[in-house]
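For reference, upload23.txt (compact mmCIF, C-alpha atoms):
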```
# COMPACT_ATOMS: atom_id res chain seq x y z
CA MET A 1 -27.57 -26.03 -72.99
CA GLN A 2 -28.63 -25.41 -76.59
CA LYS A 3 -29.16 -21.71 -75.81
CA PHE A 4 -25.70 -21.53 -74.24
CA THR A 5 -24.15 -23.14 -77.33
CA LYS A 6 -25.89 -20.69 -79.64
CA THR A 7 -24.65 -17.79 -77.52
CA LEU A 8 -21.07 -19.02 -77.74
CA ARG A 9 -21.33 -19.46 -81.50
CA TYR A 10 -22.70 -15.93 -81.82
CA LEU A 11 -20.09 -14.29 -79.59
CA TYR A 12 -17.12 -16.45 -80.60
CA PRO A 13 -17.71 -17.79 -84.13
CA MET A 14 -14.23 -19.38 -84.23
CA LEU A 15 -14.70 -21.42 -81.06
CA LEU A 16 -16.63 -24.32 -82.54
CA PRO A 17 -14.55 -24.66 -85.76
CA LEU A 18 -11.32 -24.64 -83.75
CA ALA A 19 -12.61 -27.24 -81.30
CA ILE A 20 -13.86 -29.52 -84.11
CA THR A 21 -10.58 -29.16 -86.04
CA VAL A 22 -8.43 -30.11 -83.06
CA LEU A 23 -10.73 -33.00 -82.08
CA LEU A 24 -10.84 -34.47 -85.59
CA THR A 25 -7.08 -34.09 -86.01
CA THR A 26 -6.50 -35.89 -82.71
CA ILE A 27 -8.77 -38.78 -83.71
CA LEU A 28 -7.27 -39.10 -87.20
CA CYS A 29 -3.68 -38.93 -85.91
CA GLU A 30 -4.43 -41.48 -83.20
CA THR A 31 -6.03 -43.83 -85.74
CA ALA A 32 -3.21 -43.39 -88.27
CA ALA A 33 -0.59 -44.13 -85.63
CA ARG A 34 -2.33 -47.21 -84.23
CA LYS A 35 -3.10 -48.62 -87.67
CA GLY A 36 0.45 -48.02 -88.85
CA TRP A 37 -0.63 -45.78 -91.73
CA LEU A 38 1.90 -43.12 -90.76
CA PRO A 39 4.99 -43.14 -88.54
CA TYR A 40 4.42 -41.98 -84.98
CA TRP A 41 6.61 -38.92 -85.31
CA ILE A 42 4.68 -37.65 -88.35
CA THR A 43 1.28 -38.01 -86.67
CA ARG A 44 2.61 -36.27 -83.57
CA LYS A 45 3.91 -33.32 -85.57
CA ILE A 46 0.66 -32.99 -87.52
CA LEU A 47 -1.29 -32.88 -84.28
CA HIS A 48 1.30 -30.50 -82.82
CA VAL A 49 0.93 -27.98 -85.66
CA ILE A 50 -2.88 -28.05 -85.64
CA ALA A 51 -3.36 -27.98 -81.85
CA VAL A 52 -0.75 -25.33 -81.07
CA GLY A 53 -1.74 -23.28 -84.11
CA ALA A 54 -5.34 -23.34 -82.88
CA CYS A 55 -4.12 -21.80 -79.61
CA ALA A 56 -2.52 -18.95 -81.55
CA VAL A 57 -5.80 -18.27 -83.37
CA ALA A 58 -7.94 -18.66 -80.27
CA VAL A 59 -6.11 -16.00 -78.28
CA VAL A 60 -7.13 -13.26 -80.73
CA GLU A 61 -10.65 -14.59 -81.37
CA ILE A 62 -11.93 -15.65 -77.94
CA GLU A 63 -12.38 -13.61 -74.77
CA ARG A 64 -9.47 -14.12 -72.37
CA GLY A 65 -11.42 -15.27 -69.31
CA LEU A 66 -13.37 -17.90 -71.24
CA LEU A 67 -10.24 -19.11 -73.01
CA ILE A 68 -8.42 -19.60 -69.70
CA TRP A 69 -11.24 -21.85 -68.47
CA ILE A 70 -11.29 -23.81 -71.75
CA VAL A 71 -7.52 -24.40 -71.66
CA ALA A 72 -7.59 -25.37 -67.97
CA VAL A 73 -10.33 -27.97 -68.56
CA ALA A 74 -8.56 -29.27 -71.69
CA GLU A 75 -5.31 -29.62 -69.72
CA LEU A 76 -7.01 -31.72 -67.04
CA GLY A 77 -8.61 -33.88 -69.73
CA LEU A 78 -5.30 -34.43 -71.50
CA ILE A 79 -3.59 -35.42 -68.26
CA GLY A 80 -6.32 -37.99 -67.65
CA LEU A 81 -6.08 -39.41 -71.17
CA ILE A 82 -2.28 -39.69 -71.13
CA ALA A 83 -2.22 -41.18 -67.62
CA SER A 84 -4.79 -43.79 -68.61
CA ASN A 85 -2.85 -44.60 -71.79
CA GLN A 86 -5.80 -43.64 -73.98
CA LEU A 87 -3.98 -41.11 -76.16
CA LEU A 88 -1.18 -41.20 -78.71
CA ARG A 89 2.08 -42.71 -77.49
CA GLU A 90 5.53 -41.75 -78.66
CA GLU A 91 7.58 -43.76 -81.12
CA SER A 92 9.59 -45.24 -78.26
CA GLY A 93 6.37 -46.52 -76.67
CA ARG A 94 6.40 -44.13 -73.70
CA ARG A 95 3.41 -41.96 -72.92
CA ALA A 96 3.34 -38.71 -74.93
CA TRP A 97 3.53 -36.32 -72.01
CA GLY A 98 4.84 -33.62 -74.32
CA ILE A 99 1.25 -33.03 -75.42
CA VAL A 100 0.42 -31.97 -71.87
CA TRP A 101 3.15 -29.33 -71.62
CA PHE A 102 2.05 -26.89 -74.31
CA PRO A 103 -1.47 -26.27 -72.87
CA LEU A 104 0.19 -25.63 -69.51
CA ALA A 105 2.54 -23.10 -71.12
CA PHE A 106 -0.42 -21.52 -72.91
CA LEU A 107 -2.34 -21.27 -69.65
CA ILE A 108 0.59 -19.60 -67.83
CA ILE A 109 1.07 -17.11 -70.65
CA LEU A 110 -2.65 -16.29 -70.78
CA ILE A 111 -2.58 -15.49 -67.07
CA SER A 112 0.68 -13.53 -67.01
CA VAL A 113 1.01 -11.72 -70.38
CA GLN A 114 -1.46 -9.02 -71.38
CA ASP A 115 -0.69 -8.53 -75.09
CA ASP A 116 -2.71 -10.96 -77.26
CA HIS A 117 -0.33 -10.59 -80.21
CA ILE A 118 2.69 -11.59 -78.14
CA ILE A 119 0.84 -14.67 -76.86
CA ALA A 120 -0.25 -15.63 -80.38
CA PHE A 121 3.28 -15.19 -81.73
CA ALA A 122 4.78 -17.28 -78.91
CA MET A 123 2.41 -20.13 -79.72
CA LEU A 124 3.14 -19.82 -83.44
CA VAL A 125 6.85 -20.19 -82.70
CA LEU A 126 6.09 -23.50 -81.03
CA ALA A 127 3.61 -24.54 -83.75
CA VAL A 128 5.97 -23.85 -86.66
CA CYS A 129 9.61 -23.83 -85.52
CA ASP A 130 9.59 -26.96 -83.36
CA PRO A 131 8.15 -29.20 -86.13
CA ALA A 132 10.54 -27.60 -88.64
CA ALA A 133 13.47 -28.65 -86.46
CA THR A 134 12.18 -32.21 -86.11
CA ILE A 135 11.38 -32.66 -89.80
CA ALA A 136 14.72 -31.25 -90.96
CA GLY A 137 16.58 -33.39 -88.44
CA LYS A 138 14.75 -36.55 -89.46
CA LEU A 139 15.21 -36.00 -93.20
CA TRP A 140 18.64 -34.46 -93.58
CA ALA A 141 20.73 -34.76 -90.42
CA ARG A 142 23.57 -37.27 -90.58
CA LYS A 143 24.73 -36.82 -87.00
CA ASN A 144 22.84 -36.20 -83.80
CA TYR A 145 23.88 -34.96 -80.38
CA ARG A 146 22.22 -35.25 -76.98
CA LEU A 147 22.21 -32.45 -74.42
CA THR A 148 19.50 -33.65 -72.04
CA GLY A 149 18.28 -36.93 -73.48
CA ASP A 150 16.43 -36.60 -76.78
CA PRO A 151 18.54 -36.59 -79.97
CA LYS A 152 18.97 -33.20 -81.63
CA SER A 153 20.89 -32.09 -84.71
CA LEU A 154 22.60 -28.98 -86.05
CA VAL A 155 20.41 -29.27 -89.14
CA GLY A 156 17.34 -29.17 -86.91
CA ASN A 157 18.74 -26.18 -85.00
CA ALA A 158 19.28 -24.31 -88.28
CA ALA A 159 15.73 -25.13 -89.40
CA PHE A 160 14.33 -23.81 -86.11
CA LEU A 161 16.26 -20.54 -86.41
CA LEU A 162 15.39 -20.04 -90.10
CA SER A 163 11.69 -20.73 -89.54
CA PHE A 164 11.74 -18.27 -86.63
CA GLY A 165 13.20 -15.65 -88.94
CA LEU A 166 10.46 -16.38 -91.48
CA LEU A 167 7.78 -15.97 -88.82
CA VAL A 168 9.26 -12.65 -87.75
CA TRP A 169 9.37 -11.42 -91.35
CA LEU A 170 5.75 -12.47 -91.99
CA HIS A 171 4.57 -10.65 -88.85
CA LEU A 172 6.36 -7.35 -89.43
CA PRO A 173 5.95 -4.63 -88.24
CA PHE A 174 5.16 -6.66 -85.10
CA GLY A 175 8.45 -7.00 -83.21
CA ALA A 176 10.24 -4.43 -85.35
CA TRP A 177 10.70 -2.17 -82.32
CA LEU A 178 13.22 -4.65 -80.90
CA GLY A 179 15.65 -4.23 -83.79
CA TRP A 180 17.27 -6.94 -85.91
CA GLY A 181 20.03 -7.66 -83.37
CA ASN A 182 17.64 -8.31 -80.49
CA LEU A 183 15.37 -10.40 -82.74
CA LEU A 184 18.37 -12.50 -83.80
CA ALA A 185 19.31 -12.91 -80.13
CA LEU A 186 15.74 -14.00 -79.37
CA GLY A 187 15.89 -16.59 -82.15
CA LEU A 188 19.25 -17.92 -80.93
CA MET A 189 18.00 -18.21 -77.34
CA LEU A 190 14.85 -20.04 -78.41
CA THR A 191 16.92 -22.36 -80.60
CA ALA A 192 19.11 -23.19 -77.60
CA ALA A 193 16.01 -23.74 -75.44
CA GLU A 194 14.58 -26.16 -78.01
CA ALA A 195 17.90 -28.02 -78.17
CA LEU A 196 17.85 -28.40 -74.37
CA GLY A 197 14.27 -29.70 -74.29
CA SER A 198 13.66 -33.43 -73.84
CA ARG A 199 10.58 -35.55 -73.26
CA GLY A 200 8.42 -32.78 -74.65
CA LEU A 201 9.60 -30.13 -72.18
CA ASP A 202 10.50 -27.84 -75.08
CA ASN A 203 6.71 -27.50 -75.53
CA LEU A 204 6.73 -25.75 -72.15
CA ILE A 205 10.03 -23.88 -72.32
CA VAL A 206 9.91 -22.41 -75.84
CA PRO A 207 6.56 -20.55 -75.69
CA LEU A 208 7.14 -19.34 -72.13
CA LEU A 209 10.58 -18.00 -73.03
CA ALA A 210 9.34 -16.47 -76.30
CA ALA A 211 6.46 -14.61 -74.63
CA TRP A 212 8.46 -13.41 -71.67
CA LEU A 213 11.45 -12.26 -73.72
CA PHE A 214 9.21 -10.23 -76.02
CA VAL A 215 7.83 -8.43 -72.97
CA GLY A 216 11.16 -8.17 -71.16
CA MET A 217 13.16 -6.92 -74.14
CA ASP A 218 10.81 -3.98 -74.52
CA GLY A 219 12.33 -2.57 -71.33
CA LEU A 220 16.00 -3.07 -72.29
CA PRO A 221 18.51 -0.21 -72.08
CA PRO A 222 18.56 1.98 -75.22
CA THR A 223 21.82 0.40 -76.40
CA PRO A 224 21.19 -1.06 -79.89
CA ASN A 225 21.35 -4.86 -80.08
CA TYR A 226 21.74 -5.14 -76.30
CA ALA A 227 20.36 -8.70 -76.15
CA LEU A 228 22.66 -9.80 -78.96
CA TYR A 229 25.67 -8.55 -76.99
CA LEU A 230 24.47 -10.64 -74.04
CA VAL A 231 24.33 -13.74 -76.25
CA ILE A 232 27.82 -13.03 -77.64
CA ALA A 233 29.17 -12.53 -74.11
CA ALA A 234 27.72 -15.91 -73.12
CA LEU A 235 29.87 -17.75 -75.69
CA PRO A 236 33.25 -17.41 -73.90
CA PHE A 237 31.51 -18.21 -70.62
CA CYS A 238 30.21 -21.48 -72.07
CA TRP A 239 33.61 -22.33 -73.53
CA LEU A 240 35.40 -21.63 -70.23
CA MET A 241 32.93 -23.58 -68.06
CA VAL A 242 33.03 -26.61 -70.36
CA ARG A 243 36.83 -26.48 -70.72
CA ARG A 244 37.30 -26.32 -66.95
CA GLU A 245 34.81 -29.21 -66.62
CA SER A 246 32.71 -27.13 -64.24
CA LEU A 247 29.63 -27.49 -66.47
CA THR A 248 28.57 -29.81 -69.25
CA VAL A 249 27.52 -28.27 -72.57
CA SER A 250 23.89 -28.50 -71.48
CA GLY A 251 24.75 -26.97 -68.11
CA ALA A 252 26.67 -24.10 -69.71
CA LEU A 253 23.84 -23.32 -72.14
CA THR A 254 21.29 -23.45 -69.35
CA ALA A 255 23.38 -21.21 -67.10
CA SER A 256 23.81 -18.74 -69.98
CA LEU A 257 20.08 -18.60 -70.68
CA LEU A 258 19.44 -18.20 -66.97
CA GLY A 259 21.92 -15.32 -66.77
CA ILE A 260 20.38 -13.55 -69.77
CA VAL A 261 16.92 -13.93 -68.25
CA VAL A 262 18.21 -12.39 -65.01
CA VAL A 263 19.75 -9.42 -66.87
CA ILE A 264 16.67 -8.77 -69.00
CA GLY A 265 14.34 -9.28 -66.08
CA SER A 266 16.18 -6.98 -63.69
CA GLY A 267 17.25 -4.53 -66.37
CA SER A 268 20.79 -4.64 -65.00
CA THR A 269 23.85 -6.86 -65.06
CA VAL A 270 24.50 -6.40 -61.32
CA TRP A 271 22.11 -9.22 -60.41
CA LEU A 272 24.42 -11.62 -62.20
CA LEU A 273 26.77 -11.26 -59.22
CA PRO A 274 24.91 -13.68 -56.88
CA LEU A 275 24.66 -16.21 -59.71
CA PHE A 276 28.36 -15.80 -60.55
CA LEU A 277 29.43 -16.10 -56.90
CA PHE A 278 27.31 -19.22 -56.50
CA LEU A 279 28.87 -20.90 -59.56
CA LEU A 280 32.39 -19.79 -58.60
CA SER A 281 32.13 -20.87 -54.97
CA SER A 282 30.53 -24.20 -55.90
CA SER A 283 33.30 -24.92 -58.39
CA LEU A 284 36.05 -23.98 -55.91
CA ILE A 285 34.53 -26.06 -53.12
CA GLY A 286 34.29 -29.03 -55.46
CA LYS A 287 38.02 -28.67 -56.22
CA ILE A 288 39.10 -28.01 -52.62
CA PHE A 289 36.92 -30.72 -51.08
CA PRO A 290 36.83 -33.50 -53.71
CA VAL A 291 34.68 -36.38 -52.58
CA LYS A 292 33.19 -39.59 -53.86
CA THR A 293 30.84 -41.39 -51.51
CA ALA A 294 29.21 -44.73 -52.08
CA ALA A 295 25.79 -43.30 -51.24
CA GLY A 296 25.93 -40.38 -53.65
CA ASP A 297 24.56 -40.43 -57.15
CA SER A 298 26.51 -40.95 -60.37
CA LYS A 299 26.91 -37.19 -60.95
CA GLN A 300 29.32 -36.66 -58.07
CA LYS A 301 32.62 -35.07 -59.14
CA GLN A 302 31.12 -34.65 -62.62
CA PRO A 303 30.47 -31.32 -64.38
CA ARG A 304 27.05 -29.93 -63.50
CA ASP A 305 24.43 -30.54 -66.19
CA ALA A 306 21.26 -28.64 -67.15
CA THR A 307 19.14 -30.36 -64.51
CA GLN A 308 21.54 -29.44 -61.71
CA VAL A 309 21.82 -25.84 -62.92
CA LEU A 310 18.04 -25.50 -63.00
CA ALA A 311 17.68 -27.16 -59.60
CA ASN A 312 19.84 -24.43 -58.11
CA GLY A 313 18.96 -21.44 -60.30
CA ALA A 314 15.45 -21.88 -61.74
CA VAL A 315 13.72 -20.10 -58.86
CA TYR A 316 16.22 -17.25 -59.06
CA GLY A 317 15.59 -16.86 -62.80
CA TRP A 318 11.82 -17.06 -62.37
CA LEU A 319 11.83 -14.33 -59.73
CA ALA A 320 14.00 -12.11 -61.89
CA ALA A 321 11.76 -12.68 -64.90
CA PHE A 322 8.43 -11.93 -63.28
CA SER A 323 9.15 -9.62 -60.39
CA TRP A 324 10.16 -6.28 -61.84
CA PRO A 325 7.22 -4.22 -63.11
CA LYS A 326 6.96 -4.33 -66.89
CA GLU A 327 4.29 -3.04 -69.19
CA GLY A 328 2.22 -5.95 -70.46
CA LEU A 329 3.22 -8.40 -67.71
CA ALA A 330 1.12 -9.43 -64.73
CA TYR A 331 3.16 -9.05 -61.55
CA LEU A 332 3.25 -12.45 -59.93
CA ILE A 333 5.64 -11.45 -57.14
CA TYR A 334 6.08 -7.80 -56.21
CA PRO A 335 7.34 -5.54 -54.58
CA ILE A 336 9.81 -7.56 -52.48
CA THR A 337 11.86 -8.56 -55.51
CA GLU A 338 15.40 -8.03 -54.28
CA VAL A 339 14.88 -9.81 -50.94
CA TRP A 340 13.31 -12.82 -52.66
CA LEU A 341 16.14 -12.99 -55.19
CA LEU A 342 18.83 -12.88 -52.55
CA THR A 343 16.99 -15.49 -50.48
CA ALA A 344 16.68 -17.86 -53.45
CA MET A 345 20.41 -17.74 -54.12
CA ALA A 346 21.21 -18.04 -50.40
CA ILE A 347 19.22 -21.30 -50.32
CA ALA A 348 21.01 -22.66 -53.41
CA THR A 349 24.45 -21.78 -52.03
CA ALA A 350 23.69 -23.17 -48.58
CA ASP A 351 22.48 -26.45 -50.07
CA THR A 352 25.54 -26.87 -52.29
CA TRP A 353 28.10 -25.96 -49.60
CA SER A 354 26.37 -28.25 -47.10
CA SER A 355 26.37 -31.20 -49.49
CA GLU A 356 29.96 -30.85 -50.74
CA ILE A 357 31.68 -30.06 -47.44
CA GLY A 358 29.53 -32.44 -45.38
CA GLN A 359 30.46 -35.39 -47.61
CA TYR A 360 34.15 -34.50 -47.62
CA PHE A 361 34.52 -34.65 -43.82
CA ARG A 362 32.26 -37.74 -43.54
CA HIS A 363 30.97 -36.90 -40.08
CA PRO A 364 28.07 -38.99 -38.70
CA THR A 365 25.06 -38.28 -40.90
CA TYR A 366 21.40 -38.67 -39.99
CA ASP A 367 18.17 -38.66 -41.97
CA LEU A 368 16.50 -35.38 -41.01
CA VAL A 369 12.98 -36.87 -41.00
CA LYS A 370 13.47 -40.39 -39.66
CA TRP A 371 16.53 -39.42 -37.59
CA ARG A 372 18.42 -42.60 -38.25
CA LYS A 373 22.04 -42.89 -39.28
CA VAL A 374 22.60 -42.93 -43.05
CA PRO A 375 25.71 -42.93 -45.28
CA PRO A 376 27.24 -39.49 -46.04
CA GLY A 377 25.93 -38.15 -49.35
CA LEU A 378 22.51 -39.80 -49.18
CA SER A 379 19.63 -37.43 -49.97
CA GLY A 380 17.92 -36.22 -46.81
CA GLY A 381 20.99 -36.79 -44.65
CA VAL A 382 22.52 -34.02 -42.51
CA SER A 383 25.67 -33.77 -40.42
CA ILE A 384 26.93 -31.13 -38.02
CA ILE A 385 29.78 -30.00 -40.26
CA GLY A 386 27.55 -30.00 -43.33
CA THR A 387 24.86 -28.01 -41.56
CA LEU A 388 27.38 -25.40 -40.41
CA ALA A 389 28.78 -25.23 -43.95
CA GLY A 390 25.28 -24.55 -45.25
CA LEU A 391 24.87 -21.69 -42.80
CA GLY A 392 28.22 -20.38 -43.98
CA GLY A 393 27.15 -20.55 -47.62
CA SER A 394 24.00 -18.58 -46.92
CA ALA A 395 25.99 -15.96 -44.98
CA PHE A 396 28.56 -15.77 -47.81
CA ILE A 397 25.99 -14.84 -50.46
CA VAL A 398 24.17 -12.37 -48.24
CA GLY A 399 27.43 -10.84 -46.98
CA THR A 400 28.81 -10.26 -50.49
CA CYS A 401 25.56 -9.19 -52.17
CA PHE A 402 23.52 -7.40 -49.50
CA TRP A 403 24.36 -4.03 -51.09
CA LEU A 404 22.20 -5.00 -54.08
CA VAL A 405 19.15 -4.52 -51.85
CA PRO A 406 19.05 -0.76 -51.20
CA TYR A 407 16.72 -0.96 -48.20
CA VAL A 408 18.40 -3.86 -46.38
CA ASP A 409 19.57 -3.35 -42.79
CA PRO A 410 21.52 -5.71 -40.49
CA SER A 411 18.37 -7.32 -39.09
CA THR A 412 16.98 -7.95 -42.59
CA ALA A 413 20.31 -9.41 -43.71
CA ILE A 414 20.26 -11.82 -40.76
CA LYS A 415 16.70 -12.84 -41.66
CA ILE A 416 17.79 -13.59 -45.25
CA VAL A 417 20.71 -15.70 -43.97
CA CYS A 418 18.31 -17.65 -41.73
CA ALA A 419 15.84 -18.07 -44.61
CA GLY A 420 18.62 -19.50 -46.77
CA PHE A 421 19.60 -21.89 -43.98
CA LEU A 422 15.99 -23.02 -43.41
CA GLY A 423 15.54 -23.50 -47.15
CA MET A 424 18.54 -25.84 -47.13
CA LEU A 425 16.96 -27.87 -44.31
CA LEU A 426 13.66 -28.01 -46.21
CA ASP A 427 15.53 -29.40 -49.21
CA SER A 428 16.90 -32.16 -46.97
CA VAL A 429 13.39 -32.95 -45.74
CA LEU A 430 12.14 -33.20 -49.33
CA GLY A 431 15.13 -35.39 -50.23
CA SER A 432 14.31 -37.72 -47.35
CA LEU A 433 10.65 -37.98 -48.29
CA PHE A 434 10.73 -38.08 -52.10
CA GLN A 435 14.21 -38.91 -53.44
CA ALA A 436 14.40 -42.47 -54.74
CA LYS A 437 16.90 -44.61 -52.83
CA TYR A 438 18.38 -48.00 -53.68
CA ARG A 439 19.60 -50.75 -51.36
CA ASP A 440 22.44 -53.07 -52.28
CA LEU A 441 21.11 -56.64 -52.02
CA ILE A 442 24.46 -57.92 -50.77
CA THR A 443 25.68 -55.25 -48.34
CA GLY A 444 22.34 -53.62 -47.54
CA ALA A 445 23.86 -50.15 -48.06
CA LEU A 446 21.63 -47.32 -49.31
CA SER A 447 22.49 -44.96 -52.18
CA ASP A 448 20.81 -42.40 -54.47
CA ALA A 449 21.70 -44.25 -57.66
CA PRO A 450 21.06 -47.83 -58.81
CA GLY A 451 24.06 -50.01 -59.39
CA LYS A 452 25.18 -53.59 -59.40
CA GLY A 453 23.25 -55.66 -56.97
CA LYS A 454 20.72 -52.84 -56.31
```

Output the file's structure in the form of structure tokens.
Amino acid sequence: MQKFTKTLRYLYPMLLPLAITVLLTTILCETAARKGWLPYWITRKILHVIAVGACAVAVVEIERGLLIWIVAVAELGLIGLIASNQLLREESGRRAWGIVWFPLAFLIILISVQDDHIIAFAMLVLAVCDPAATIAGKLWARKNYRLTGDPKSLVGNAAFLLSFGLLVWLHLPFGAWLGWGNLLALGLMLTAAEALGSRGLDNLIVPLLAAWLFVGMDGLPPTPNYALYLVIAALPFCWLMVRRESLTVSGALTASLLGIVVVIGSGSTVWLLPLFLFLLSSSLIGKIFPVKTAAGDSKQKQPRDATQVLANGAVYGWLAAFSWPKEGLAYLIYPITEVWLLTAMAIATADTWSSEIGQYFRHPTYDLVKWRKVPPGLSGGVSIIGTLAGLGGSAFIVGTCFWLVPYVDPSTAIKIVCAGFLGMLLDSVLGSLFQAKYRDLITGALSDAPGKGK
């Protein structure tokens, strides 16, 4: 063991100092928080800067394979400590799961991105810009807003964007090839992602988005400031969706980021069509077949929020981001990109059409796993009319977008329609098995949301 330690110190002289620094910072921050020497949020941000900054240093100092193993082991250890309530809690008293997200993001980036400098910069964005937003918001913001749960502020958003600009300037000429317009667009998108993050999820979203966008933007069309034009084009979309009450502000921002990821990932705007048709058809069906069932959750007939947008579009965005071959990116899914994309959107459309139309007609509904009668709108429930509507939704997307797949033939199109339909049924199975359900103590009726007497 001693020989192994000496070897590591010889090959990777920064390994031991980094490990000691992070460990001591964790102990000191934990002690300061428990003793009341410093507020919780200050100790969390100190630990955040040191731990995430250490990741940025480690990626350029330590061999990639070894670092992946170190981060994977550290992630498992952190999960154990948080779950057992042995590590720093948040100011509200809840477990600080946000600490777990950034090592996971780091691990994913290490596996999927080849350029060490891009990985280091992505982690520095999280290490510097996120604390800058929190500190500025805590000290100077007079008003807060909530997009997905945690309070945010315009002052904090400005601090995030300005600190990102400072990081870019300090690292020039790194990133200069993107141009000022694309760098500004990158900063705006990361600022929006941080504003959407709650319960520490920005620790996962921000570095992943930063690393991927740096890789993806390198393959953009030669048009100057192309990414900035995409961001500008997203503004009227957000305004229209919020005004029409189709999406909340968080839902509109999430849908915009998702659309930009799809364009940058595919290198073309044509793959926005399935996403647009899904949003348009879902909105129209909600207007044509308005419904409010006792068993449904509290979001029925309400504008779709960020969680609902991601539930329907996250897989689509992920496939677009990581499927097309790009220099510096490990190909997680390739070469069946177009078929997978169309299938993902067929599943989302089938699920939405099935749910909306099935609840409107209120035909007898049965739990797909337990096969017992349940109220219309309850997760896991299926009806004949809803099931047929789901098949129709899958066929609609494939029928309108099949031309995007140059090698598709009628038999392949039918297979994609069936895959979308089966994906909808799988979603019902998962809803039956894992969706929380509440029973009214008076009537005994089941629903997806708690309420009076439940």

What does the distance between atom CA of Ile385 of chain A and atom CA of Phe361 of chain A come to in Å, to one decimal place?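 That distance, rounded to one decimal, is 7.5 Å.
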
Set the distance at 8 Å and use all atoms listed in the file: which residues neighbour Val231 of chain A once local chain neighbours fewer than 2 positions away are removed? I'd like the list as a ChimeraX atom specification. /A:185,189,227-229,233-235,260

Restricting the calculation to all atoms listed in the file, which member of A:Ile70, A:Leu247, A:Ala255, A:Cys238 is positioned closest to Gln302 of chain A?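 Using all atoms listed in the file, Gln302 of chain A sits closest to A:Leu247.
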
Using all atoms listed in the file, can you tell me which of A:Gly165, A:Gly386, A:Pro222, A:Gly179 comes closest to Ser428 of chain A? A:Gly386

Atom CA of Ala122 of chain A and atom CA of Phe174 of chain A, how far apart in Å?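 Straight-line distance from atom CA of Phe174 of chain A to atom CA of Ala122 of chain A works out to 12.3 Å.
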
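Within 10 Å of the point (20.5, -19.5, -69.1) in file coordinates, and counting all atoms listed in the file, lie the residues Met189, Ala192, Ala193, Val231, Ala234, Ser250, Gly251, Ala252, Leu253, Thr254, Ala255, Ser256, Leu257, Leu258, Gly259, Ile260, Val261, Val262, Ala306, Val309, Leu310, Gly313, Ala314 and Gly317 of chain A.
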
So that I can see what lies close to Trp101 of chain A, please list as a PyMOL selection string the residues with an atom at most 8 Å from it, counting all atoms listed in the file and leaving out residues fewer than 3 positions away in the same chain. chain A and resi 97-98+104-105+200-201+203-204

Could you name the residues that touch Thr365 of chain A at 10 Å or less, counting only C-alpha atoms, but leaving out those on the same chain fewer than 4 positions away, as a list in words? Gly358, Gln359, Trp371, Arg372, Lys373, Val374, Pro375, Pro376, Gly377, Leu378, Gly380, Gly381, Val382, Ser383, Ile384, Ile385 and Gly386 of chain A

Using all atoms listed in the file, the shortest atom-to-atom distance to Ile109 of chain A among A:Phe278, A:Leu67, A:Leu404, A:Leu422 belongs to A:Leu67

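Here atom CA of Asp427 of chain A is placed at a distance of 26.3 Å from atom CA of Met241 of chain A.
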
In terms of the shortest atom-to-atom distance over all atoms listed in the file, which of A:Val49, A:Leu275, A:Asp305, A:Leu209 is closest to Gly149 of chain A? A:Asp305

Place a sphere of radius 8 Å on (17.1, -9.2, -56.4) in the file coordinates and name every protein, DNA or RNA residue with an atom inside or on its surface, counting all atoms listed in the file; give the answer as a PDB file with C-alpha atoms, in the coordinates of the input.
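Result file follows (part_21.pdb):
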```pdb
ATOM      1  CA  SER A 266      16.180  -6.980 -63.690  1.00  0.00           C
ATOM      2  CA  TRP A 271      22.110  -9.220 -60.410  1.00  0.00           C
ATOM      3  CA  ALA A 320      14.000 -12.110 -61.890  1.00  0.00           C
ATOM      4  CA  THR A 337      11.860  -8.560 -55.510  1.00  0.00           C
ATOM      5  CA  GLU A 338      15.400  -8.030 -54.280  1.00  0.00           C
ATOM      6  CA  VAL A 339      14.880  -9.810 -50.940  1.00  0.00           C
ATOM      7  CA  TRP A 340      13.310 -12.820 -52.660  1.00  0.00           C
ATOM      8  CA  LEU A 341      16.140 -12.990 -55.190  1.00  0.00           C
ATOM      9  CA  LEU A 342      18.830 -12.880 -52.550  1.00  0.00           C
ATOM     10  CA  LEU A 404      22.200  -5.000 -54.080  1.00  0.00           C
ATOM     11  CA  VAL A 405      19.150  -4.520 -51.850  1.00  0.00           C
TER      12      VAL A 405
END
```

What's around Val155 of chain A at 10 Å? Count all atoms listed in the file, leave out sequence neighbours fewer than 3 positions away in its own chain, and write the answer as a PyMOL selection string. chain A and resi 133-144+152+158-160

Emit as AutoDock Vina command-line options the padded axis-aligned box for all listed atoms of segment 156-172 of chain A, 6 Å per side, with centre and edge lengths in Å to one decimal.
```
--center_x 11.9 --center_y -18.3 --center_z -88.5 --size_x 26.7 --size_y 33.8 --size_z 19.0
```

Measuring atom to atom with only C-alpha atoms, identify which of A:Asp202, A:Asp116, A:Glu356, A:Asp130 is nearest to Val57 of chain A.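 Closest candidate: A:Asp116.
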
If we count only C-alpha atoms and set the cut-off at 8 Å, which residues sit around Val125 of chain A, ignoring sequence neighbours fewer than 5 positions away in its own chain? Please answer as a list in words. Asp130, Phe164, Leu167, Val206, Pro207 and Ala210 of chain A

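Shortest separation to Thr31 of chain A among A:Ser268, A:Ser112, A:Thr43, A:Ser394 occurs at residue A:Thr43, atoms counted being all atoms listed in the file.
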